[in-house]
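Chemist: See model.txt below, with compact mmCIF, C-alpha atoms and all ligand atoms.
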```txt
# COMPACT_ATOMS: atom_id res chain seq x y z
CA THR M 1027 44.71 210.30 103.07
CA ARG M 1028 44.52 213.07 105.65
CA THR M 1029 46.03 212.75 109.09
CA PRO M 1030 43.33 212.52 111.74
CA VAL M 1031 42.50 215.54 113.85
CA ASN M 1032 42.67 214.93 117.60
CA VAL M 1033 39.51 216.14 119.29
CA THR M 1034 39.30 216.15 123.09
CA VAL M 1035 35.91 216.34 124.80
CA THR M 1036 35.68 216.90 128.54
CA GLY M 1037 32.54 215.87 130.40
CA ALA M 1038 32.19 213.19 127.75
CA ALA M 1039 29.84 211.11 129.88
CA GLY M 1040 27.40 213.97 130.42
CA GLN M 1041 24.27 214.73 128.47
CA ILE M 1042 25.88 217.21 126.08
CA GLY M 1043 28.73 214.76 125.56
CA TYR M 1044 26.25 212.09 124.54
CA ALA M 1045 24.68 214.39 121.96
CA LEU M 1046 28.04 215.70 120.76
CA LEU M 1047 30.37 212.75 120.29
CA PHE M 1048 28.36 210.99 117.59
CA ARG M 1049 28.21 214.12 115.47
CA ILE M 1050 31.94 214.72 115.81
CA ALA M 1051 32.60 211.14 114.78
CA SER M 1052 30.27 211.35 111.81
CA GLY M 1053 32.10 214.35 110.36
CA HIS M 1054 29.92 217.29 111.35
CA LEU M 1055 32.53 219.09 113.43
CA LEU M 1056 35.29 219.50 110.89
CA GLY M 1057 34.02 218.18 107.57
CA ALA M 1058 32.85 215.01 105.91
CA ASP M 1059 36.37 214.23 104.68
CA VAL M 1060 38.30 214.82 107.91
CA PRO M 1061 39.19 211.74 110.01
CA VAL M 1062 39.14 212.23 113.77
CA LYS M 1063 40.57 210.64 116.87
CA LEU M 1064 38.54 211.20 120.02
CA ARG M 1065 39.81 211.66 123.55
CA LEU M 1066 37.21 211.54 126.25
CA LEU M 1067 38.25 213.26 129.46
CA GLU M 1068 36.14 212.54 132.53
CA ILE M 1069 36.44 212.48 136.27
CA PRO M 1070 36.86 209.00 137.78
CA GLN M 1071 33.11 208.65 138.51
CA GLY M 1072 32.37 209.34 134.83
CA LEU M 1073 34.80 206.85 133.30
CA LYS M 1074 32.47 203.88 133.20
CA ALA M 1075 29.67 205.77 131.47
CA ALA M 1076 32.24 207.21 129.04
CA GLU M 1077 33.30 203.66 128.24
CA GLY M 1078 29.68 202.82 127.49
CA THR M 1079 29.45 205.76 125.10
CA ALA M 1080 32.70 204.66 123.46
CA MET M 1081 31.20 201.19 122.94
CA GLU M 1082 28.27 202.78 121.14
CA LEU M 1083 30.63 204.92 119.06
CA ASP M 1084 32.39 201.69 118.03
CA ASP M 1085 29.03 200.20 117.15
CA CYS M 1086 28.29 203.03 114.73
CA ALA M 1087 31.32 202.00 112.64
CA PHE M 1088 31.89 205.62 111.62
CA PRO M 1089 34.29 205.59 108.68
CA LEU M 1090 35.97 208.81 109.89
CA LEU M 1091 36.56 207.70 113.48
CA GLN M 1092 40.10 206.42 113.84
CA GLY M 1093 40.32 205.90 117.58
CA ILE M 1094 38.86 206.60 120.99
CA GLU M 1095 40.81 207.01 124.18
CA ILE M 1096 39.24 207.51 127.60
CA THR M 1097 41.09 209.03 130.53
CA ASP M 1098 40.72 210.96 133.77
CA ASP M 1099 44.18 212.52 133.41
CA PRO M 1100 44.12 215.95 131.73
CA ASN M 1101 47.74 215.55 130.57
CA VAL M 1102 46.75 212.42 128.65
CA GLY M 1103 43.41 213.86 127.58
CA PHE M 1104 44.94 216.91 125.88
CA ASP M 1105 48.06 215.22 124.53
CA GLY M 1106 48.39 216.33 120.92
CA ALA M 1107 44.89 217.84 120.92
CA ASN M 1108 44.03 219.98 117.91
CA VAL M 1109 40.52 220.83 119.09
CA ALA M 1110 39.38 220.83 122.72
CA LEU M 1111 35.73 221.06 123.71
CA LEU M 1112 35.55 221.85 127.41
CA VAL M 1113 32.07 220.74 128.35
CA GLY M 1114 32.46 219.27 131.84
CA ALA M 1115 31.90 221.86 134.54
CA ARG M 1116 30.56 222.25 138.04
CA PRO M 1117 26.91 223.31 137.87
CA ARG M 1118 25.44 225.84 140.26
CA THR M 1119 23.55 224.01 142.97
CA LYS M 1120 21.01 225.39 145.40
CA GLY M 1121 22.39 227.95 147.80
CA MET M 1122 25.70 228.26 145.96
CA GLU M 1123 27.10 231.79 145.84
CA ARG M 1124 28.82 233.13 142.75
CA GLY M 1125 32.20 232.97 144.47
CA ASP M 1126 31.69 229.27 145.29
CA LEU M 1127 30.67 228.56 141.70
CA LEU M 1128 33.67 230.39 140.28
CA SER M 1129 36.14 228.72 142.61
CA ALA M 1130 34.69 225.23 141.99
CA ASN M 1131 35.06 225.81 138.26
CA GLY M 1132 38.49 227.30 138.74
CA GLY M 1133 39.46 223.94 140.19
CA ILE M 1134 38.51 222.38 136.86
CA PHE M 1135 39.52 224.95 134.25
CA LYS M 1136 42.84 226.05 135.71
CA PRO M 1137 44.42 222.56 135.63
CA GLN M 1138 42.84 221.88 132.25
CA GLY M 1139 44.31 225.12 130.88
CA LYS M 1140 47.72 224.10 132.17
CA ALA M 1141 47.37 220.62 130.67
CA ILE M 1142 46.45 222.22 127.32
CA ASN M 1143 49.45 224.51 127.64
CA ASP M 1144 51.80 221.60 128.29
CA ASN M 1145 50.42 218.93 125.98
CA ALA M 1146 48.19 220.19 123.16
CA ALA M 1147 49.25 220.55 119.52
CA ASP M 1148 50.52 223.94 118.35
CA ASP M 1149 47.34 224.62 116.42
CA ILE M 1150 45.03 223.91 119.39
CA LYS M 1151 41.60 225.56 119.27
CA VAL M 1152 39.59 225.59 122.50
CA LEU M 1153 35.86 226.01 122.93
CA VAL M 1154 34.50 226.32 126.45
CA VAL M 1155 30.89 225.18 126.80
CA GLY M 1156 30.77 224.50 130.56
CA ASN M 1157 29.27 227.39 132.50
CA PRO M 1158 30.05 230.10 133.40
CA ALA M 1159 31.57 229.65 129.96
CA ASN M 1160 33.17 233.07 129.37
CA THR M 1161 34.91 233.19 132.71
CA ASN M 1162 35.87 229.51 132.62
CA ALA M 1163 37.53 230.26 129.28
CA LEU M 1164 39.38 233.17 130.87
CA ILE M 1165 40.64 230.91 133.67
CA ALA M 1166 41.83 228.23 131.24
CA GLN M 1167 43.48 230.84 129.04
CA ALA M 1168 45.33 232.42 131.95
CA ALA M 1169 46.75 228.99 132.84
CA ALA M 1170 48.06 228.53 129.28
CA PRO M 1171 50.55 231.35 128.70
CA ASP M 1172 52.28 229.53 125.81
CA VAL M 1173 49.09 229.18 123.79
CA PRO M 1174 48.03 232.26 121.79
CA ALA M 1175 45.24 233.89 123.81
CA GLU M 1176 42.85 234.03 120.87
CA ARG M 1177 42.63 230.23 120.75
CA PHE M 1178 40.42 230.27 123.85
CA THR M 1179 36.79 230.86 123.01
CA ALA M 1180 33.45 230.55 124.80
CA MET M 1181 30.17 229.40 123.35
CA THR M 1182 27.42 231.89 122.55
CA ARG M 1183 26.38 230.09 119.38
CA LEU M 1184 23.43 228.47 121.11
CA ASP M 1185 22.17 231.95 121.99
CA HIS M 1186 22.81 233.02 118.40
CA ASN M 1187 20.84 230.06 117.05
CA ARG M 1188 18.02 230.64 119.52
CA ALA M 1189 17.81 234.27 118.41
CA LEU M 1190 17.74 233.27 114.73
CA SER M 1191 14.84 230.95 115.39
CA GLN M 1192 12.82 233.47 117.42
CA LEU M 1193 13.35 236.19 114.81
CA ALA M 1194 12.35 233.87 111.97
CA LYS M 1195 9.13 232.96 113.80
CA LYS M 1196 8.25 236.57 114.51
CA THR M 1197 8.78 237.69 110.93
CA GLY M 1198 7.43 234.65 109.12
CA SER M 1199 10.79 234.05 107.50
CA THR M 1200 13.19 231.11 107.67
CA VAL M 1201 16.46 231.05 109.56
CA SER M 1202 18.35 230.83 106.28
CA ASP M 1203 16.86 234.20 105.27
CA ILE M 1204 18.55 235.85 108.27
CA LYS M 1205 22.10 237.16 108.27
CA ARG M 1206 24.34 239.28 110.50
CA LEU M 1207 22.65 238.70 113.82
CA THR M 1208 24.87 239.28 116.86
CA ILE M 1209 25.03 238.08 120.43
CA TRP M 1210 27.06 240.51 122.55
CA GLY M 1211 28.52 240.02 126.01
CA ASN M 1212 28.27 237.17 128.46
CA HIS M 1213 26.60 233.79 127.97
CA SER M 1214 24.17 234.56 130.77
CA ALA M 1215 20.87 236.31 131.35
CA THR M 1216 22.59 239.65 130.56
CA GLN M 1217 23.56 238.66 127.01
CA TYR M 1218 22.31 240.98 124.28
CA PRO M 1219 20.91 239.57 121.03
CA ASP M 1220 21.18 242.46 118.54
CA ILE M 1221 19.06 242.60 115.39
CA PHE M 1222 19.86 246.20 114.41
CA HIS M 1223 22.49 245.07 111.90
CA ALA M 1224 20.73 241.86 110.96
CA GLU M 1225 19.11 241.38 107.59
CA ILE M 1226 16.10 239.31 106.65
CA ALA M 1227 16.12 238.46 102.96
CA GLY M 1228 18.22 241.58 102.41
CA LYS M 1229 16.07 243.99 104.47
CA ASN M 1230 17.10 245.46 107.82
CA ALA M 1231 15.67 243.17 110.50
CA ALA M 1232 14.87 245.93 113.01
CA GLU M 1233 12.88 247.73 110.31
CA VAL M 1234 11.07 244.54 109.32
CA VAL M 1235 10.15 243.91 112.97
CA ASN M 1236 9.44 247.60 113.63
CA ASP M 1237 8.44 246.93 117.23
CA GLU M 1238 10.92 248.05 119.87
CA GLN M 1239 8.62 246.88 122.64
CA TRP M 1240 8.67 243.33 121.25
CA LEU M 1241 12.46 243.53 121.14
CA ALA M 1242 12.79 244.73 124.72
CA ASP M 1243 9.97 242.77 126.37
CA THR M 1244 9.74 239.56 124.37
CA PHE M 1245 12.66 238.81 122.05
CA ILE M 1246 15.58 239.64 124.33
CA PRO M 1247 14.19 237.91 127.45
CA THR M 1248 13.00 234.90 125.46
CA VAL M 1249 16.49 234.34 124.05
CA ALA M 1250 18.24 235.11 127.33
CA LYS M 1251 15.97 232.88 129.43
CA ARG M 1252 15.58 230.06 126.93
CA GLY M 1253 17.85 227.77 128.93
CA ALA M 1254 15.53 228.02 131.94
CA ALA M 1255 12.46 227.46 129.73
CA ILE M 1256 14.02 224.26 128.36
CA ILE M 1257 14.72 222.99 131.89
CA GLU M 1258 11.13 223.76 132.86
CA ALA M 1259 9.73 221.89 129.84
CA ARG M 1260 12.15 219.00 129.51
CA GLY M 1261 13.12 218.46 133.12
CA ALA M 1262 16.77 218.64 132.05
CA SER M 1263 18.95 221.36 130.59
CA SER M 1264 19.43 221.80 126.86
CA ALA M 1265 21.77 219.13 125.57
CA ALA M 1266 21.21 218.36 121.88
CA SER M 1267 20.88 222.04 120.99
CA ALA M 1268 23.99 222.86 123.04
CA ALA M 1269 25.92 220.07 121.31
CA ASN M 1270 24.67 221.33 117.95
CA ALA M 1271 25.88 224.83 118.77
CA ALA M 1272 29.31 223.52 119.75
CA ILE M 1273 29.49 221.74 116.40
CA ASP M 1274 28.45 224.95 114.61
CA HIS M 1275 30.97 227.07 116.55
CA VAL M 1276 33.97 224.92 115.70
CA HIS M 1277 32.81 224.17 112.15
CA THR M 1278 32.50 227.88 111.41
CA TRP M 1279 35.82 228.71 113.08
CA VAL M 1280 37.63 226.07 111.03
CA ASN M 1281 35.73 226.30 107.76
CA GLY M 1282 34.70 229.97 107.68
CA THR M 1283 31.60 232.16 107.62
CA ALA M 1284 29.58 232.55 104.43
CA ALA M 1285 30.20 235.65 102.31
CA GLY M 1286 28.13 238.56 103.61
CA ASP M 1287 27.34 236.88 106.91
CA TRP M 1288 28.90 236.64 110.34
CA THR M 1289 28.42 234.66 113.53
CA SER M 1290 28.76 235.18 117.29
CA MET M 1291 31.64 233.86 119.36
CA GLY M 1292 32.87 234.56 122.88
CA ILE M 1293 36.47 235.66 122.28
CA PRO M 1294 39.15 237.70 124.02
CA SER M 1295 38.38 241.36 123.40
CA ASP M 1296 40.93 243.53 121.61
CA GLY M 1297 39.16 246.60 122.99
CA SER M 1298 36.66 246.82 120.12
CA TYR M 1299 33.27 248.39 120.85
CA GLY M 1300 34.43 249.57 124.26
CA VAL M 1301 34.80 246.05 125.66
CA PRO M 1302 37.91 246.07 127.87
CA GLU M 1303 40.81 244.21 126.31
CA GLY M 1304 41.20 240.65 127.48
CA LEU M 1305 37.63 240.05 128.63
CA ILE M 1306 36.13 237.02 126.90
CA SER M 1307 32.98 238.53 125.49
CA SER M 1308 30.70 237.68 122.58
CA PHE M 1309 31.20 239.66 119.37
CA PRO M 1310 30.12 239.53 115.75
CA VAL M 1311 32.93 237.72 113.94
CA THR M 1312 33.82 236.53 110.47
CA CYS M 1313 35.97 233.43 110.11
CA LYS M 1314 38.39 232.49 107.38
CA ASP M 1315 41.30 230.03 107.14
CA GLY M 1316 40.84 228.91 110.74
CA LYS M 1317 40.98 232.45 112.14
CA TYR M 1318 38.28 234.83 113.31
CA GLU M 1319 38.07 238.60 113.15
CA ILE M 1320 35.74 240.99 114.93
CA VAL M 1321 33.41 242.78 112.52
CA GLN M 1322 34.42 246.43 112.75
CA GLY M 1323 32.63 249.71 112.22
CA LEU M 1324 29.10 248.86 113.32
CA ASP M 1325 27.05 251.76 114.64
CA ILE M 1326 25.88 250.96 118.14
CA ASN M 1327 22.67 252.81 119.02
CA GLU M 1328 21.67 253.78 122.55
CA PHE M 1329 19.37 250.79 122.98
CA SER M 1330 22.24 248.43 122.16
CA ARG M 1331 24.92 250.38 124.04
CA ALA M 1332 23.14 250.15 127.38
CA ARG M 1333 22.64 246.41 127.01
CA ILE M 1334 26.17 245.64 125.83
CA ASP M 1335 27.58 247.70 128.69
CA ALA M 1336 25.45 245.85 131.26
CA SER M 1337 26.63 242.46 130.08
CA VAL M 1338 30.26 243.59 129.89
CA GLN M 1339 29.93 244.96 133.42
CA GLU M 1340 28.93 241.48 134.58
CA LEU M 1341 31.97 240.00 132.80
CA LYS M 1342 34.22 242.53 134.53
CA GLU M 1343 32.78 241.55 137.90
CA GLU M 1344 33.33 237.87 137.17
CA ARG M 1345 36.91 238.61 136.11
CA ASP M 1346 37.54 240.64 139.27
CA ALA M 1347 36.12 237.81 141.36
CA VAL M 1348 38.35 235.13 139.81
CA ARG M 1349 41.31 237.48 140.12
CA GLU M 1350 40.61 237.84 143.82
CA LEU M 1351 40.40 234.07 144.11
CA GLY M 1352 43.85 233.83 142.50
CA LEU M 1353 42.44 231.88 139.54
CA ILE M 1354 43.88 234.22 136.90
P1 LIG M 1401 26.18 216.91 132.76
O1 LIG M 1401 26.15 217.12 134.22
O2 LIG M 1401 25.22 216.00 132.10
O3 LIG M 1401 27.64 216.42 132.32
C1 LIG M 1401 28.80 217.01 132.80
C2 LIG M 1401 29.89 215.96 132.77
O4 LIG M 1401 31.13 216.60 133.07
C3 LIG M 1401 29.69 214.84 133.80
O5 LIG M 1401 29.77 213.58 133.15
C4 LIG M 1401 30.86 215.05 134.77
O6 LIG M 1401 31.35 213.82 135.28
C5 LIG M 1401 31.87 215.72 133.86
N1 LIG M 1401 32.92 216.46 134.56
C6 LIG M 1401 32.82 217.20 135.69
N2 LIG M 1401 34.01 217.70 136.04
C7 LIG M 1401 34.89 217.28 135.10
C8 LIG M 1401 36.29 217.46 134.93
N3 LIG M 1401 37.01 218.15 135.82
N4 LIG M 1401 36.87 216.89 133.87
C9 LIG M 1401 36.15 216.16 133.00
N5 LIG M 1401 34.83 215.94 133.12
C10 LIG M 1401 34.21 216.50 134.15
O7 LIG M 1401 26.09 218.38 132.12
P2 LIG M 1401 25.69 218.80 130.63
O8 LIG M 1401 24.24 218.94 130.53
O9 LIG M 1401 26.40 217.91 129.67
O10 LIG M 1401 26.30 220.29 130.58
C11 LIG M 1401 27.68 220.53 130.67
C12 LIG M 1401 27.96 222.01 130.85
O11 LIG M 1401 27.54 222.76 129.71
C13 LIG M 1401 27.24 222.66 132.05
O12 LIG M 1401 28.16 223.51 132.70
C14 LIG M 1401 26.16 223.49 131.40
O13 LIG M 1401 25.80 224.59 132.20
C15 LIG M 1401 26.87 223.93 130.14
N6 LIG M 1401 26.01 224.43 129.07
C16 LIG M 1401 26.45 225.50 128.34
C17 LIG M 1401 25.72 226.03 127.30
C18 LIG M 1401 26.21 227.21 126.51
O14 LIG M 1401 25.44 227.68 125.69
N7 LIG M 1401 27.42 227.72 126.69
C19 LIG M 1401 24.42 225.43 126.95
C20 LIG M 1401 24.04 224.28 127.74
C21 LIG M 1401 24.83 223.81 128.77
```
I need this file expressed as structure tokens, please.
Modeler:
Amino acid sequence: TRTPVNVTVTGAAGQIGYALLFRIASGHLLGADVPVKLRLLEIPQGLKAAEGTAMELDDCAFPLLQGIEITDDPNVGFDGANVALLVGARPRTKGMERGDLLSANGGIFKPQGKAINDNAADDIKVLVVGNPANTNALIAQAAAPDVPAERFTAMTRLDHNRALSQLAKKTGSTVSDIKRLTIWGNHSATQYPDIFHAEIAGKNAAEVVNDEQWLADTFIPTVAKRGAAIIEARGASSAASAANAAIDHVHTWVNGTAAGDWTSMGIPSDGSYGVPEGLISSFPVTCKDGKYEIVQGLDINEFSRARIDASVQELKEERDAVRELGLI
């Protein structure tokens, strides 16, 4: 029998947490043969609701679920963690400036990074979902100097999945026909979904679409503003699709990308494609044996270059702002 993998979820009592925990416990995160122990990290006000969710997890009698612990202490929450999903964050509220948002989140992700540094297992893998995800990941990473920097990642898989779906609709194909799509940059309105290297049933996607105006005026804004469209329609922000993307992100990282395909992950840049080293930016990556690698050698055309640069510029500004605030 395999030893259980310790999975810590922050913001466990929130709406993403509610959509996420049951899928982790049923084997979708790591594999149908991998037992898990869950740690739910919440703030004191969230503990009671987290206990309610834990009761429901019990009531599912998941064969793979070997324990649930609930805490508001990050040192306990990350003790021995192999996988950490940092979902809980401070949302932007009306009238909040970017600096306020970054410092409020610094107050969450800096101590959590330190607690990961001091308590997590040596093989810890971190996915930051809570927004602003890329910069929150940077803050947590900076507070964890003993953890290899590449273990801190930010989620752009929801953007990737949204782009797959939009492209499939436009071209009358299915998402499983599409390979090698890329989200570049920040998980924000400046992100760039790139289809120039994507393939649809083996044909170049940009050639199949053959409509640069659709790309610029419909596809890119639809993907980038999808979060707002969901709020408008549902009256609440995307939760099940965000949880699904978190599952996909970690599953791919651990279990690998399919031959001939890649995925998108927000990861610390090694300087590839002109993205300054250290920025946590989304790249095309392949995964194998629990490690990811940036896909190298792609030709970046002018259309793409301008958009990647704009999103990277925003990441630089966020990094400079958290530096000024003493958060990194
Ligand atoms: P929510 O407000 O329903 O839940 C957040 C939970 O986090 C609450 O239960 C709260 O008590 C908890 N929390 C707050 N501070 C905490 C801390 N220091 N430690 C532990 N728990 C803490 O929010 P929801 O809808 O679940 O979204 C969570 C985050 O995910 C938001 O920041 C949202 O913007 C982000 N998000 C990111 C996406 C992405 O693609 N990267 C997609 C969708 C949402």
Chemist: Residues up to 7 Å from ligand LIG 1401 (chain M), counting only C-alpha atoms and all ligand atoms: could you list those as a PDB file with C-alpha atoms, in the coordinates of the input?
Modeler:
```pdb
ATOM      1  CA  THR M1036      35.680 216.900 128.540  1.00  0.00           C
ATOM      2  CA  GLY M1037      32.540 215.870 130.400  1.00  0.00           C
ATOM      3  CA  ALA M1038      32.190 213.190 127.750  1.00  0.00           C
ATOM      4  CA  ALA M1039      29.840 211.110 129.880  1.00  0.00           C
ATOM      5  CA  GLY M1040      27.400 213.970 130.420  1.00  0.00           C
ATOM      6  CA  GLN M1041      24.270 214.730 128.470  1.00  0.00           C
ATOM      7  CA  ILE M1042      25.880 217.210 126.080  1.00  0.00           C
ATOM      8  CA  GLY M1043      28.730 214.760 125.560  1.00  0.00           C
ATOM      9  CA  LEU M1067      38.250 213.260 129.460  1.00  0.00           C
ATOM     10  CA  GLU M1068      36.140 212.540 132.530  1.00  0.00           C
ATOM     11  CA  ILE M1069      36.440 212.480 136.270  1.00  0.00           C
ATOM     12  CA  GLN M1071      33.110 208.650 138.510  1.00  0.00           C
ATOM     13  CA  GLY M1072      32.370 209.340 134.830  1.00  0.00           C
ATOM     14  CA  ASP M1098      40.720 210.960 133.770  1.00  0.00           C
ATOM     15  CA  VAL M1113      32.070 220.740 128.350  1.00  0.00           C
ATOM     16  CA  GLY M1114      32.460 219.270 131.840  1.00  0.00           C
ATOM     17  CA  ALA M1115      31.900 221.860 134.540  1.00  0.00           C
ATOM     18  CA  ARG M1116      30.560 222.250 138.040  1.00  0.00           C
ATOM     19  CA  PRO M1117      26.910 223.310 137.870  1.00  0.00           C
ATOM     20  CA  ILE M1134      38.510 222.380 136.860  1.00  0.00           C
ATOM     21  CA  VAL M1155      30.890 225.180 126.800  1.00  0.00           C
ATOM     22  CA  GLY M1156      30.770 224.500 130.560  1.00  0.00           C
ATOM     23  CA  ASN M1157      29.270 227.390 132.500  1.00  0.00           C
ATOM     24  CA  PRO M1158      30.050 230.100 133.400  1.00  0.00           C
ATOM     25  CA  ALA M1159      31.570 229.650 129.960  1.00  0.00           C
ATOM     26  CA  ALA M1180      33.450 230.550 124.800  1.00  0.00           C
ATOM     27  CA  MET M1181      30.170 229.400 123.350  1.00  0.00           C
ATOM     28  CA  THR M1182      27.420 231.890 122.550  1.00  0.00           C
ATOM     29  CA  ARG M1183      26.380 230.090 119.380  1.00  0.00           C
ATOM     30  CA  LEU M1184      23.430 228.470 121.110  1.00  0.00           C
ATOM     31  CA  ASP M1185      22.170 231.950 121.990  1.00  0.00           C
ATOM     32  CA  HIS M1213      26.600 233.790 127.970  1.00  0.00           C
ATOM     33  CA  SER M1263      18.950 221.360 130.590  1.00  0.00           C
ATOM     34  CA  SER M1264      19.430 221.800 126.860  1.00  0.00           C
ATOM     35  CA  ALA M1265      21.770 219.130 125.570  1.00  0.00           C
ATOM     36  CA  ALA M1268      23.990 222.860 123.040  1.00  0.00           C
TER      37      ALA M1268
END
```
Chemist: One number please: CA of Pro1310 (chain M) to CA of Trp1210 (chain M), in Å, one decimal.
Modeler: 7.5 Å
Chemist: Using all atoms listed in the file for the distances, tell me which of M:Ile1293, M:Leu1091, M:Ala1224, M:Ala1175 is nearest to Thr1029 (chain M).
Modeler: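 Among the listed residues, M:Leu1091 lies closest to Thr1029 (chain M).
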Chemist: So, with all atoms listed in the file as the atoms that count, which of M:Ser1214, M:Thr1248, M:Gln1322, M:Asn1101 lies closest to Gln1192 (chain M)?
Modeler: M:Thr1248
Chemist: Excluding same-chain residues fewer than 6 positions from Asn1032 (chain M), what lies within 10 Å of it counting only C-alpha atoms, as a ChimeraX atom specification?
Modeler: /M:1061-1065,1092-1094,1104-1110,1146-1147,1150
Chemist: Record the distance separating CA of Ser1191 (chain M) and CA of Tyr1218 (chain M), expressed in Å with one decimal.
Modeler: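 These atoms are spaced 15.3 Å apart.
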Chemist: Env of Thr1216 (chain M): 12 Å cut, atoms = only C-alpha atoms, seq-sep filter 3 positions within chain, self excluded. Answer as JSON, numbers by chain.
Modeler: {"M": [1185, 1209, 1210, 1211, 1212, 1213, 1219, 1246, 1247, 1248, 1249, 1250, 1251, 1307, 1308, 1332, 1333, 1334, 1335, 1336, 1337, 1338, 1339, 1340, 1341]}
Chemist: From the set M:Val1301, M:Val1060, M:Val1152, M:Met1291, which residue has the shortest atom-to-atom contact distance to Asp1274 (chain M), counting all atoms listed in the file?
Modeler: M:Met1291
Chemist: Check the smallest atom-to-atom distance from each of M:Phe1178, M:Phe1309, M:Tyr1318, M:Phe1329 to Thr1161 (chain M) using all atoms listed in the file, then report the winner.
Modeler: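 Checking each candidate against Thr1161 (chain M), we get M:Phe1178 as the closest.
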Chemist: Counting only C-alpha atoms, what is within 10 Å of Asn1143 (chain M), bar same-chain residues fewer than 3 positions away, as a PyMOL selection string?
Modeler: chain M and resi 1101+1104-1105+1137-1140+1146-1148+1150+1166-1174
Chemist: What is the distance between CA of Gly1304 (chain M) and CA of Ile1221 (chain M), in Å to one decimal?
Modeler: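 About the pair CA of Gly1304 (chain M) and CA of Ile1221 (chain M): they are 25.3 Å apart.
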Chemist: Write out as a ChimeraX atom specification which residues come within 9 Å of region 1197-1204 of chain M when counting all atoms listed in the file, dropping same-chain ones fewer than 4 positions away.
Modeler: /M:1187,1190-1193,1224-1228,1231,1234-1235,1287
Chemist: Next, write the just-selected residues to a file, as a PDB file, in the frame of the given file, keeping C-alpha atoms as the atom set.
Modeler:
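For reference, part_39.pdb as written:
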```pdb
ATOM      1  CA  ASN M1187      20.840 230.060 117.050  1.00  0.00           C
ATOM      2  CA  LEU M1190      17.740 233.270 114.730  1.00  0.00           C
ATOM      3  CA  SER M1191      14.840 230.950 115.390  1.00  0.00           C
ATOM      4  CA  GLN M1192      12.820 233.470 117.420  1.00  0.00           C
ATOM      5  CA  LEU M1193      13.350 236.190 114.810  1.00  0.00           C
ATOM      6  CA  ALA M1224      20.730 241.860 110.960  1.00  0.00           C
ATOM      7  CA  GLU M1225      19.110 241.380 107.590  1.00  0.00           C
ATOM      8  CA  ILE M1226      16.100 239.310 106.650  1.00  0.00           C
ATOM      9  CA  ALA M1227      16.120 238.460 102.960  1.00  0.00           C
ATOM     10  CA  GLY M1228      18.220 241.580 102.410  1.00  0.00           C
ATOM     11  CA  ALA M1231      15.670 243.170 110.500  1.00  0.00           C
ATOM     12  CA  VAL M1234      11.070 244.540 109.320  1.00  0.00           C
ATOM     13  CA  VAL M1235      10.150 243.910 112.970  1.00  0.00           C
ATOM     14  CA  ASP M1287      27.340 236.880 106.910  1.00  0.00           C
TER      15      ASP M1287
END
```
